[in-house]
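What's in final-v5.csv: CSV, C-alpha atoms
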chain,number,residue,atom,x,y,z
I,267,MET,CA,-99.6,19.4,10.6
I,268,LYS,CA,-103.2,20.5,11.0
I,269,SER,CA,-105.6,19.4,8.1
I,270,ALA,CA,-106.7,23.1,7.9
I,271,THR,CA,-103.0,24.1,7.2
I,272,LEU,CA,-102.7,21.4,4.5
I,273,GLU,CA,-105.9,22.5,2.9
I,274,GLU,CA,-104.8,26.1,2.8
I,275,LEU,CA,-101.4,25.1,1.4
I,276,LEU,CA,-103.1,23.2,-1.4
I,277,ARG,CA,-105.3,26.2,-2.2
I,278,HIS,CA,-102.2,28.4,-2.5
I,279,ARG,CA,-100.7,25.8,-4.7
I,280,GLU,CA,-103.8,25.6,-6.9
I,281,ALA,CA,-103.7,29.4,-7.2
I,282,LYS,CA,-100.0,29.2,-8.1
I,283,SER,CA,-99.1,31.7,-5.3
I,284,LEU,CA,-95.8,31.7,-3.4
I,285,VAL,CA,-96.0,30.4,0.1
I,286,VAL,CA,-93.6,29.1,2.8
I,287,LEU,CA,-94.6,26.5,5.4
I,288,ALA,CA,-92.7,27.2,8.6
I,289,THR,CA,-92.7,24.2,11.0
I,290,ASN,CA,-91.1,24.1,14.5
I,291,LEU,CA,-89.2,20.8,14.5
I,292,ASN,CA,-89.4,20.4,18.3
I,293,THR,CA,-93.1,21.1,18.7
I,294,GLY,CA,-94.6,20.4,15.2
I,295,GLU,CA,-96.3,23.8,15.3
I,296,GLU,CA,-96.6,25.4,11.9
I,297,ARG,CA,-97.8,28.5,10.1
I,298,LEU,CA,-97.9,29.6,6.5
I,299,VAL,CA,-95.9,32.7,5.5
I,300,ARG,CA,-96.8,34.7,2.4
I,301,PRO,CA,-94.5,37.3,0.9
I,302,GLY,CA,-97.0,40.0,2.2
I,303,ASP,CA,-96.5,38.8,5.8
I,304,LEU,CA,-92.9,40.0,5.8
I,305,ASP,CA,-93.7,43.7,5.3
I,306,SER,CA,-96.4,44.3,7.8
I,307,GLY,CA,-96.0,44.2,11.6
I,308,ASN,CA,-96.5,40.6,12.4
I,309,SER,CA,-95.8,38.0,14.9
I,310,LEU,CA,-93.0,36.3,12.9
I,311,ASP,CA,-89.7,35.5,14.6
I,312,PRO,CA,-87.1,37.8,13.1
I,313,ALA,CA,-84.8,34.9,12.2
I,314,VAL,CA,-87.8,33.2,10.5
I,315,ALA,CA,-88.8,36.4,8.6
I,316,GLU,CA,-85.2,37.0,7.4
I,317,ALA,CA,-84.8,33.4,6.3
I,318,ALA,CA,-88.2,33.3,4.7
I,319,ALA,CA,-87.4,36.4,2.6
I,320,ASP,CA,-84.3,34.7,1.4
I,321,ALA,CA,-86.1,31.4,0.8
I,322,PHE,CA,-88.7,33.2,-1.4
I,323,ARG,CA,-85.9,34.7,-3.5
I,324,SER,CA,-83.8,31.6,-3.8
I,325,ASP,CA,-86.6,29.0,-4.0
I,326,ARG,CA,-84.7,26.9,-1.5
I,327,SER,CA,-86.1,25.3,1.6
I,328,ARG,CA,-83.9,25.2,4.7
I,329,THR,CA,-83.9,24.9,8.5
I,330,VAL,CA,-83.2,28.0,10.8
I,331,GLU,CA,-82.4,28.1,14.5
I,332,THR,CA,-84.7,30.3,16.6
I,333,GLY,CA,-85.2,30.9,20.3
I,334,ASP,CA,-88.0,28.4,20.2
I,335,GLY,CA,-86.0,25.7,18.5
I,336,PRO,CA,-85.2,24.7,14.9
I,337,VAL,CA,-87.8,25.9,12.3
I,338,PHE,CA,-88.0,24.3,8.9
I,339,LEU,CA,-89.0,26.6,6.1
I,340,HIS,CA,-90.5,24.7,3.2
I,341,VAL,CA,-90.8,26.8,0.0
I,342,PHE,CA,-93.8,26.2,-2.2
I,343,ASN,CA,-93.2,28.1,-5.4
I,344,PRO,CA,-95.4,28.0,-8.4
I,345,PRO,CA,-94.2,25.4,-10.9
I,346,LEU,CA,-91.4,26.1,-13.4
I,347,ARG,CA,-92.8,27.0,-16.8
I,348,MET,CA,-91.9,26.0,-20.3
I,349,ILE,CA,-93.2,27.8,-23.3
I,350,VAL,CA,-92.9,25.8,-26.5
I,351,VAL,CA,-93.4,27.7,-29.8
I,352,GLY,CA,-94.5,25.4,-32.6
I,353,ALA,CA,-97.0,22.6,-32.1
I,354,VAL,CA,-94.8,20.3,-34.2
I,355,HIS,CA,-93.9,16.7,-33.8
I,356,ILE,CA,-91.0,17.3,-31.3
I,357,ALA,CA,-93.3,19.4,-29.2
I,358,GLN,CA,-95.5,16.4,-28.4
I,359,PRO,CA,-92.9,14.3,-26.5
I,360,LEU,CA,-91.2,17.5,-25.1
I,361,ALA,CA,-94.5,18.7,-23.6
I,362,ARG,CA,-95.0,15.3,-21.9
I,363,MET,CA,-91.4,15.0,-20.7
I,364,ALA,CA,-91.3,18.6,-19.4
I,365,ALA,CA,-94.5,18.0,-17.5
I,366,LEU,CA,-93.0,14.9,-15.8
I,367,ALA,CA,-90.0,17.1,-14.8
I,368,GLY,CA,-92.3,19.5,-13.1
I,369,TYR,CA,-92.9,22.2,-15.7
I,370,ASP,CA,-96.2,23.9,-16.4
I,371,VAL,CA,-96.1,23.6,-20.2
I,372,THR,CA,-97.8,25.9,-22.7
I,373,VAL,CA,-97.6,25.2,-26.5
I,374,VAL,CA,-98.0,28.2,-28.8
I,375,ASP,CA,-98.9,27.9,-32.5
I,376,PRO,CA,-101.3,30.1,-34.5
I,377,ARG,CA,-101.7,27.2,-37.0
I,378,ALA,CA,-104.9,25.6,-35.8
I,379,ALA,CA,-104.2,22.4,-37.7
I,380,PHE,CA,-101.1,21.8,-35.5
I,381,ALA,CA,-102.3,23.0,-32.2
I,382,THR,CA,-105.1,20.5,-31.5
I,383,ASP,CA,-106.1,18.8,-28.3
I,384,GLU,CA,-105.9,15.5,-30.1
I,385,ARG,CA,-102.2,16.0,-30.7
I,386,PHE,CA,-101.6,17.6,-27.3
I,387,PRO,CA,-103.9,16.1,-24.7
I,388,ASP,CA,-103.6,17.7,-21.3
I,389,VAL,CA,-101.4,20.6,-22.5
I,390,THR,CA,-102.3,24.3,-22.5
I,391,LEU,CA,-102.5,25.4,-26.1
I,392,LEU,CA,-102.5,29.0,-27.4
I,393,THR,CA,-103.3,29.8,-31.0
I,394,ASP,CA,-102.2,33.5,-30.7
I,395,TRP,CA,-99.3,34.8,-32.6
I,396,PRO,CA,-96.1,34.0,-30.7
I,397,ASP,CA,-95.2,37.6,-29.9
I,398,ASP,CA,-98.6,38.2,-28.5
I,399,ALA,CA,-98.7,34.9,-26.6
I,400,LEU,CA,-95.2,35.5,-25.2
I,401,THR,CA,-96.0,39.0,-24.1
I,402,THR,CA,-99.1,37.7,-22.3
I,403,LEU,CA,-97.3,34.8,-20.7
I,404,ALA,CA,-94.5,37.2,-19.6
I,405,PRO,CA,-91.5,34.7,-19.1
I,406,ASP,CA,-89.8,35.2,-15.8
I,407,ALA,CA,-86.6,33.8,-14.3
I,408,ARG,CA,-88.3,30.4,-13.7
I,409,THR,CA,-89.4,30.1,-17.4
I,410,ALA,CA,-87.8,28.3,-20.3
I,411,VAL,CA,-88.7,29.3,-23.9
I,412,VAL,CA,-88.1,26.8,-26.7
I,413,THR,CA,-88.9,27.6,-30.4
I,414,LEU,CA,-89.4,24.6,-32.7
I,415,THR,CA,-91.1,25.9,-35.8
I,416,HIS,CA,-87.9,26.9,-37.7
I,417,ASP,CA,-90.1,29.3,-39.5
I,418,PRO,CA,-88.8,32.8,-39.0
I,419,LYS,CA,-92.3,34.3,-39.2
I,420,LEU,CA,-93.2,32.3,-36.0
I,421,ASP,CA,-89.9,31.8,-34.2
I,422,ASP,CA,-88.4,35.3,-34.5
I,423,PRO,CA,-91.2,37.3,-32.9
I,424,ALA,CA,-91.2,34.8,-30.0
I,425,LEU,CA,-87.4,35.1,-29.6
I,426,GLU,CA,-87.5,38.8,-29.6
I,427,VAL,CA,-89.9,38.8,-26.6
I,428,ALA,CA,-87.9,36.0,-24.9
I,429,LEU,CA,-84.6,37.9,-25.2
I,430,ARG,CA,-86.1,40.9,-23.5
I,431,SER,CA,-87.3,38.7,-20.7
I,432,PRO,CA,-85.3,37.2,-17.8
I,433,ALA,CA,-86.2,33.6,-19.0
I,434,PHE,CA,-83.5,31.2,-17.6
I,435,TYR,CA,-83.4,29.3,-20.9
I,436,VAL,CA,-83.9,30.2,-24.5
I,437,GLY,CA,-83.5,27.6,-27.2
I,438,SER,CA,-84.2,27.5,-30.9
I,439,LEU,CA,-84.4,24.5,-33.2
I,440,GLY,CA,-82.7,24.6,-36.5
I,441,SER,CA,-79.5,23.6,-38.3
I,442,LYS,CA,-76.3,25.5,-37.9
I,443,ARG,CA,-77.1,27.3,-41.1
I,444,THR,CA,-80.7,28.1,-40.1
I,445,HIS,CA,-79.3,29.4,-36.7
I,446,ALA,CA,-76.7,31.6,-38.4
I,447,ALA,CA,-79.4,33.2,-40.6
I,448,ARG,CA,-81.5,33.7,-37.5
I,449,LEU,CA,-78.7,35.4,-35.6
I,450,ARG,CA,-78.2,37.8,-38.6
I,451,ARG,CA,-81.9,38.7,-38.6
I,452,LEU,CA,-81.9,39.3,-34.9
I,453,THR,CA,-78.8,41.4,-35.2
I,454,GLU,CA,-80.5,43.5,-37.8
I,455,ALA,CA,-83.5,43.8,-35.4
I,456,GLY,CA,-81.1,45.4,-32.9
I,457,PHE,CA,-80.0,42.6,-30.6
I,458,GLY,CA,-76.4,42.5,-29.4
I,459,ASP,CA,-74.0,39.6,-28.9
I,460,ASP,CA,-74.9,39.3,-25.2
I,461,ASP,CA,-78.5,38.8,-26.2
I,462,LEU,CA,-77.8,36.4,-29.0
I,463,ASP,CA,-75.4,34.3,-26.8
I,464,ARG,CA,-78.4,33.5,-24.6
I,465,ILE,CA,-80.0,31.5,-27.5
I,466,ASN,CA,-79.1,27.8,-27.4
I,467,GLY,CA,-79.0,26.9,-31.0
I,468,PRO,CA,-78.9,24.4,-32.5
I,469,VAL,CA,-81.1,23.5,-29.6
I,470,GLY,CA,-80.4,20.7,-27.1
I,471,LEU,CA,-77.3,18.8,-25.9
I,472,ALA,CA,-75.3,17.1,-28.6
I,473,ILE,CA,-76.2,13.5,-27.8
I,474,GLY,CA,-76.8,12.4,-31.4
I,475,ALA,CA,-80.6,12.5,-30.9
I,476,ARG,CA,-82.6,11.5,-34.0
I,477,SER,CA,-86.2,10.8,-33.2
I,478,PRO,CA,-88.6,13.5,-31.9
I,479,ALA,CA,-88.5,11.9,-28.4
I,480,GLU,CA,-84.7,11.7,-28.4
I,481,ILE,CA,-84.5,15.4,-29.5
I,482,ALA,CA,-86.9,16.2,-26.7
I,483,VAL,CA,-84.6,14.4,-24.2
I,484,SER,CA,-81.6,16.5,-25.5
I,485,ILE,CA,-83.6,19.7,-25.1
I,486,LEU,CA,-84.9,18.9,-21.7
I,487,ALA,CA,-81.4,17.9,-20.6
I,488,GLN,CA,-80.1,21.3,-21.7
I,489,VAL,CA,-82.9,23.1,-20.0
I,490,THR,CA,-82.1,21.2,-16.8
I,491,GLN,CA,-78.4,22.0,-17.1
I,492,ALA,CA,-79.3,25.7,-17.4
I,493,LEU,CA,-81.6,25.5,-14.4
I,494,ARG,CA,-79.4,23.5,-12.1
I,495,ARG,CA,-75.7,24.1,-13.1
I,496,GLU,CA,-75.8,27.7,-12.0
I,497,ALA,CA,-76.8,26.7,-8.4
H,93,MET,CA,-106.9,22.8,-20.2
H,94,THR,CA,-104.4,23.1,-17.3
H,95,GLN,CA,-102.3,20.4,-15.7
H,96,PRO,CA,-102.4,19.6,-12.1
H,97,PRO,CA,-99.6,21.3,-10.1
H,98,ARG,CA,-96.8,18.8,-9.8
H,99,GLN,CA,-94.2,18.9,-7.1
H,100,ASP,CA,-92.5,15.7,-8.1
H,101,TRP,CA,-92.9,13.9,-11.4
H,102,GLY,CA,-96.6,13.7,-11.3
H,103,GLU,CA,-96.9,12.1,-7.8
H,104,ASP,CA,-99.0,14.6,-5.8
H,105,VAL,CA,-97.8,13.6,-2.3
H,106,LEU,CA,-99.7,16.4,-0.4
H,107,GLY,CA,-102.8,16.0,-2.5
H,108,ARG,CA,-102.8,12.3,-1.7
H,109,ALA,CA,-102.3,12.9,2.0
H,110,ALA,CA,-105.2,15.4,2.0
H,111,ALA,CA,-107.4,12.9,0.1
H,112,TRP,CA,-106.6,10.1,2.6
H,113,LYS,CA,-107.3,12.4,5.5
H,114,ALA,CA,-110.6,13.7,4.0
H,115,ARG,CA,-112.0,10.2,4.0
H,116,GLY,CA,-111.1,9.7,7.7
H,117,ASP,CA,-107.9,7.7,7.3
H,118,ASP,CA,-104.8,8.2,9.5
H,119,VAL,CA,-101.9,9.9,7.7
H,120,ALA,CA,-98.4,11.0,8.6
H,121,LEU,CA,-96.1,13.2,6.6
H,122,ALA,CA,-92.3,12.8,6.4
H,123,THR,CA,-90.2,15.6,5.1
H,124,VAL,CA,-86.4,15.9,4.3
H,125,VAL,CA,-85.4,19.0,6.4
H,126,THR,CA,-81.6,18.8,6.2
H,127,THR,CA,-79.0,17.0,4.0
H,128,TRP,CA,-75.3,16.7,4.3
H,129,GLY,CA,-72.9,15.5,1.6
H,130,SER,CA,-74.4,13.6,-1.3
H,131,SER,CA,-78.0,12.6,-0.7
H,132,PRO,CA,-80.4,11.3,-3.3
H,133,ARG,CA,-83.4,13.6,-2.6
H,134,PRO,CA,-83.3,17.3,-1.9
H,135,VAL,CA,-84.5,19.2,1.2
H,136,GLY,CA,-88.3,19.5,1.0
H,137,SER,CA,-88.8,16.0,-0.5
H,138,GLN,CA,-91.8,14.3,1.1
H,139,LEU,CA,-93.4,11.0,1.8
H,140,ALA,CA,-97.1,10.6,2.8
H,141,VAL,CA,-97.7,7.5,4.9
H,142,HIS,CA,-101.1,5.9,5.3
H,143,GLY,CA,-102.1,4.3,8.6
H,144,ASP,CA,-102.1,0.9,6.9
H,145,GLY,CA,-98.4,1.3,5.8
H,146,ARG,CA,-98.9,2.4,2.2
H,147,PHE,CA,-96.9,5.4,1.1
H,148,VAL,CA,-96.4,7.8,-1.8
H,149,GLY,CA,-93.4,10.0,-2.6
H,150,SER,CA,-89.8,9.6,-1.5
H,151,VAL,CA,-87.2,10.9,1.0
H,152,SER,CA,-84.3,8.9,-0.5
H,153,GLY,CA,-83.5,6.6,-3.3
H,154,GLY,CA,-85.3,3.9,-1.5
H,155,CYS,CA,-82.7,3.4,1.2
H,156,ILE,CA,-84.6,4.6,4.2
H,157,GLU,CA,-88.3,4.7,3.2
H,158,GLY,CA,-88.9,1.4,5.0
H,159,ALA,CA,-87.6,2.8,8.3
H,160,VAL,CA,-89.3,6.1,7.9
H,161,VAL,CA,-92.7,4.4,7.4
H,162,LEU,CA,-92.2,2.4,10.6
H,163,GLU,CA,-91.5,5.6,12.5
H,164,ALA,CA,-94.4,7.3,10.8
H,165,LEU,CA,-96.7,4.6,12.1
H,166,LYS,CA,-95.4,5.2,15.6
H,167,THR,CA,-96.2,8.9,15.1
H,168,ILE,CA,-99.7,8.1,13.9
H,169,ASP,CA,-100.1,6.0,17.0
H,170,ASP,CA,-98.9,8.5,19.7
H,171,GLY,CA,-99.4,11.8,17.8
H,172,GLU,CA,-95.8,12.9,18.6
H,173,PRO,CA,-93.7,14.4,15.9
H,174,ARG,CA,-90.2,12.8,15.3
H,175,LEU,CA,-87.0,14.1,14.0
H,176,LEU,CA,-85.0,11.3,12.5
H,177,ASP,CA,-81.3,11.2,11.5
H,178,PHE,CA,-80.0,8.8,8.9
H,179,GLY,CA,-76.6,8.4,7.5
H,180,VAL,CA,-73.2,6.8,7.9
H,181,THR,CA,-72.7,7.9,11.5
H,182,HIS,CA,-76.1,6.6,12.6
H,183,GLU,CA,-75.9,3.3,10.8
H,184,GLN,CA,-75.8,1.2,13.9
H,185,ALA,CA,-78.6,3.1,15.7
H,186,TRP,CA,-81.0,2.7,12.8
H,187,GLU,CA,-79.6,-0.3,11.0
H,188,VAL,CA,-80.3,1.6,7.8
H,189,GLY,CA,-78.0,3.9,6.1
H,190,LEU,CA,-77.5,5.7,2.9
H,191,ALA,CA,-75.2,3.8,0.6
H,192,CYS,CA,-74.1,7.1,-1.0
H,193,GLY,CA,-72.4,8.1,2.3
H,194,GLY,CA,-74.6,11.2,2.7
H,195,LYS,CA,-76.7,12.1,5.8
H,196,VAL,CA,-80.3,13.2,5.9
H,197,GLN,CA,-82.6,14.4,8.6
H,198,VAL,CA,-86.3,13.6,8.2
H,199,PHE,CA,-89.2,15.2,10.2
H,200,VAL,CA,-92.2,13.0,10.7
H,201,GLU,CA,-95.6,14.5,11.8
H,202,LYS,CA,-99.1,13.3,12.0
H,203,LEU,CA,-101.8,15.0,10.0
H,204,GLN,CA,-104.1,16.2,12.7
Represent the structure contained in this file as structure tokens.
Amino acid sequence: MKSATLEELLRHREAKSLVVLATNLNTGEERLVRPGDLDSGNSLDPAVAEAAADAFRSDRSRTVETGDGPVFLHVFNPPLRMIVVGAVHIAQPLARMAALAGYDVTVVDPRAAFATDERFPDVTLLTDWPDDALTTLAPDARTAVVTLTHDPKLDDPALEVALRSPAFYVGSLGSKRTHAARLRRLTEAGFGDDDLDRINGPVGLAIGARSPAEIAVSILAQVTQALRREA
Amino acid sequence: MTQPPRQDWGEDVLGRAAAWKARGDDVALATVVTTWGSSPRPVGSQLAVHGDGRFVGSVSGGCIEGAVVLEALKTIDDGEPRLLDFGVTHEQAWEVGLACGGKVQVFVEKLQ
């Protein structure tokens, strides 16, 4: 690979833009393919263009055969995202663990005493109201949303935005009783059973977690299951 | 504050490769391009190899990294890309295999 290609790839990654690196495995020749390159008349091999379009959609790298030999398509997608509502104790280990698992983590809490850089070093913090923050962040199919405040004033508005989004995971902390009350409120707000079934509540896999870090493990395990089990 | 983009639990393989190259060191990249059966690391996993034999990243659970580094050093030497096959059927050829019984194809190239 040419250094110039690597530098350009790193710039795309920094800008969080989607790009495929196409490398001929016989010759080592490479080029970067952006989604925009597929529409215009370009010099792309048709087999490469077709596979690249699919690779963009599926987020899966693969090798395709072309007239010039096998070409490896390496997908560089922007990182997965996790939006955590509630800068509470559990959010501290969860933000760190999720970052280790490759997520770009944002913690949302309008309570400035909770959302401090001291409690969340190296984490993006937003002190907007959760519905405003969620609307701005616009969860997509590569985003997980976890609410941890168990305060309806904060969790519910976030859940309402999350349930209208294609987020691949929605989870909400709270006991069975808290969760049942939450489902009643969301039903009154007009959400149907299909929407409510998307909420993982009580949040996390049932592994008997007790400490904040253990609960974070159970949540991240459930998020991982939602992400990978479908595939 | 934003976090650095992470491909792989905080280890920035490509960033490290670029940093080595930027200070004039020899670097090769190894990438898993195909897998069959159970294999420990998915397609796209990468290893950056420094001319002195250091490496970051992974292309397996530690089964083949040693062999990949040796091949990467050859690629650094002659500039030729290499396509390596590892797995049960190639055990004798490479004297390294994947204990899990999977197969993996690794592309090795020099950072020019």
Could the residues of chain H within 12 Å of chain I, counting all atoms listed in the file, be given as a compact mmCIF listing (two decimals) with C-alpha atoms, keeping the file's coordinate frame, please?
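For reference, selection-v5.txt as written:
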# COMPACT_ATOMS: atom_id res chain seq x y z
CA MET H 93 -106.90 22.80 -20.20
CA THR H 94 -104.40 23.10 -17.30
CA GLN H 95 -102.30 20.40 -15.70
CA PRO H 96 -102.40 19.60 -12.10
CA PRO H 97 -99.60 21.30 -10.10
CA ARG H 98 -96.80 18.80 -9.80
CA GLN H 99 -94.20 18.90 -7.10
CA ASP H 100 -92.50 15.70 -8.10
CA TRP H 101 -92.90 13.90 -11.40
CA GLY H 102 -96.60 13.70 -11.30
CA GLU H 103 -96.90 12.10 -7.80
CA ASP H 104 -99.00 14.60 -5.80
CA VAL H 105 -97.80 13.60 -2.30
CA LEU H 106 -99.70 16.40 -0.40
CA GLY H 107 -102.80 16.00 -2.50
CA ARG H 108 -102.80 12.30 -1.70
CA ALA H 109 -102.30 12.90 2.00
CA ALA H 110 -105.20 15.40 2.00
CA ALA H 111 -107.40 12.90 0.10
CA TRP H 112 -106.60 10.10 2.60
CA LYS H 113 -107.30 12.40 5.50
CA ALA H 114 -110.60 13.70 4.00
CA ARG H 115 -112.00 10.20 4.00
CA GLY H 116 -111.10 9.70 7.70
CA ASP H 117 -107.90 7.70 7.30
CA ASP H 118 -104.80 8.20 9.50
CA VAL H 119 -101.90 9.90 7.70
CA ALA H 120 -98.40 11.00 8.60
CA LEU H 121 -96.10 13.20 6.60
CA ALA H 122 -92.30 12.80 6.40
CA THR H 123 -90.20 15.60 5.10
CA VAL H 124 -86.40 15.90 4.30
CA VAL H 125 -85.40 19.00 6.40
CA THR H 126 -81.60 18.80 6.20
CA THR H 127 -79.00 17.00 4.00
CA PRO H 134 -83.30 17.30 -1.90
CA VAL H 135 -84.50 19.20 1.20
CA GLY H 136 -88.30 19.50 1.00
CA SER H 137 -88.80 16.00 -0.50
CA GLN H 138 -91.80 14.30 1.10
CA THR H 167 -96.20 8.90 15.10
CA ILE H 168 -99.70 8.10 13.90
CA GLY H 171 -99.40 11.80 17.80
CA GLU H 172 -95.80 12.90 18.60
CA PRO H 173 -93.70 14.40 15.90
CA ARG H 174 -90.20 12.80 15.30
CA LEU H 175 -87.00 14.10 14.00
CA LEU H 176 -85.00 11.30 12.50
CA GLN H 197 -82.60 14.40 8.60
CA VAL H 198 -86.30 13.60 8.20
CA PHE H 199 -89.20 15.20 10.20
CA VAL H 200 -92.20 13.00 10.70
CA GLU H 201 -95.60 14.50 11.80
CA LYS H 202 -99.10 13.30 12.00
CA LEU H 203 -101.80 15.00 10.00
CA GLN H 204 -104.10 16.20 12.70
- One-decimal distance in Å that lies between CA of Ala313 (chain I) and CA of Thr332 (chain I): 6.4 Å
- Message: As an exercise, work out the distance from CA of Val469 (chain I) to CA of Ile485 (chain I) in Å and give it to one decimal place.
- Response: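 CA of Ile485 (chain I) lies at a distance of 6.4 Å from CA of Val469 (chain I).
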- Task: Using only C-alpha atoms, determine which residues lie at most 8 Å from region 349-359 of chain I, disregarding the query and same-chain residues fewer than 4 positions distant; provide the list as a list in words.
- Result: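 Those residues are Met363, Val371, Thr372, Val373, Val374, Asp375, Phe380, Ala381, Arg385, Phe386, Pro396, Thr409, Ala410, Val411, Val412, Thr413, Leu414, Thr415, Leu420, Asp421, Ala424, Pro478, Ala479, Ile481 and Ala482 of chain I.
Distances from H:Gly129, H:Leu139, H:Gly179, H:Gly194 to Glu157 (chain H) were compared using only C-alpha atoms, and the smallest one belongs to H:Leu139.
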- Go through I:Leu462, I:Tyr435, I:Glu454, I:Ala447 and flag the residue nearest Arg494 (chain I), using all atoms listed in the file for the distances.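 Looking only at the distances to Arg494 (chain I), the closest residue turns out to be I:Tyr435.
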- Task: Dump as a PyMOL selection string all residues having an atom at most 12 Å from (-86.8, 36.4, -1.5), computed in the file's coordinates with only C-alpha atoms.
- Result: chain I and resi 284-286+300-302+304+315-327+341+343
- Item | H:Ser150, H:Phe178, H:Ser130, H:Gly143 ranked by distance to Lys166 (chain H), top pick (using only C-alpha atoms) |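 Nearest candidate to Lys166 (chain H) out of H:Ser150, H:Phe178, H:Ser130, H:Gly143: H:Gly143.
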- Atom pair CA of Ala487 (chain I) / CA of Leu360 (chain I): separation (Å):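 Calculated distance between CA of Ala487 (chain I) and CA of Leu360 (chain I) is 10.8 Å.
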- Task: Give as a VMD selection string the set of residues within 12 Å of the point (-88.1, -1.8, 3.8), where distances use the file's coordinates and only C-alpha atoms.
- Result: chain H and resid 145 to 147 153 to 163 187 to 189
Could you name the residues that touch Ala455 (chain I) at 9 Å or less, counting only C-alpha atoms, but leaving out those on the same chain fewer than 4 positions away, as an mmCIF file with C-alpha atoms, in the coordinates of the input?
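See out.cif below for the written result:
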data_model
loop_
_atom_site.group_PDB
_atom_site.id
_atom_site.type_symbol
_atom_site.label_atom_id
_atom_site.label_comp_id
_atom_site.auth_asym_id
_atom_site.auth_seq_id
_atom_site.Cartn_x
_atom_site.Cartn_y
_atom_site.Cartn_z
ATOM 1 C CA GLU I 426 -87.500 38.800 -29.600
ATOM 2 C CA ARG I 450 -78.200 37.800 -38.600
ATOM 3 C CA ARG I 451 -81.900 38.700 -38.600
#
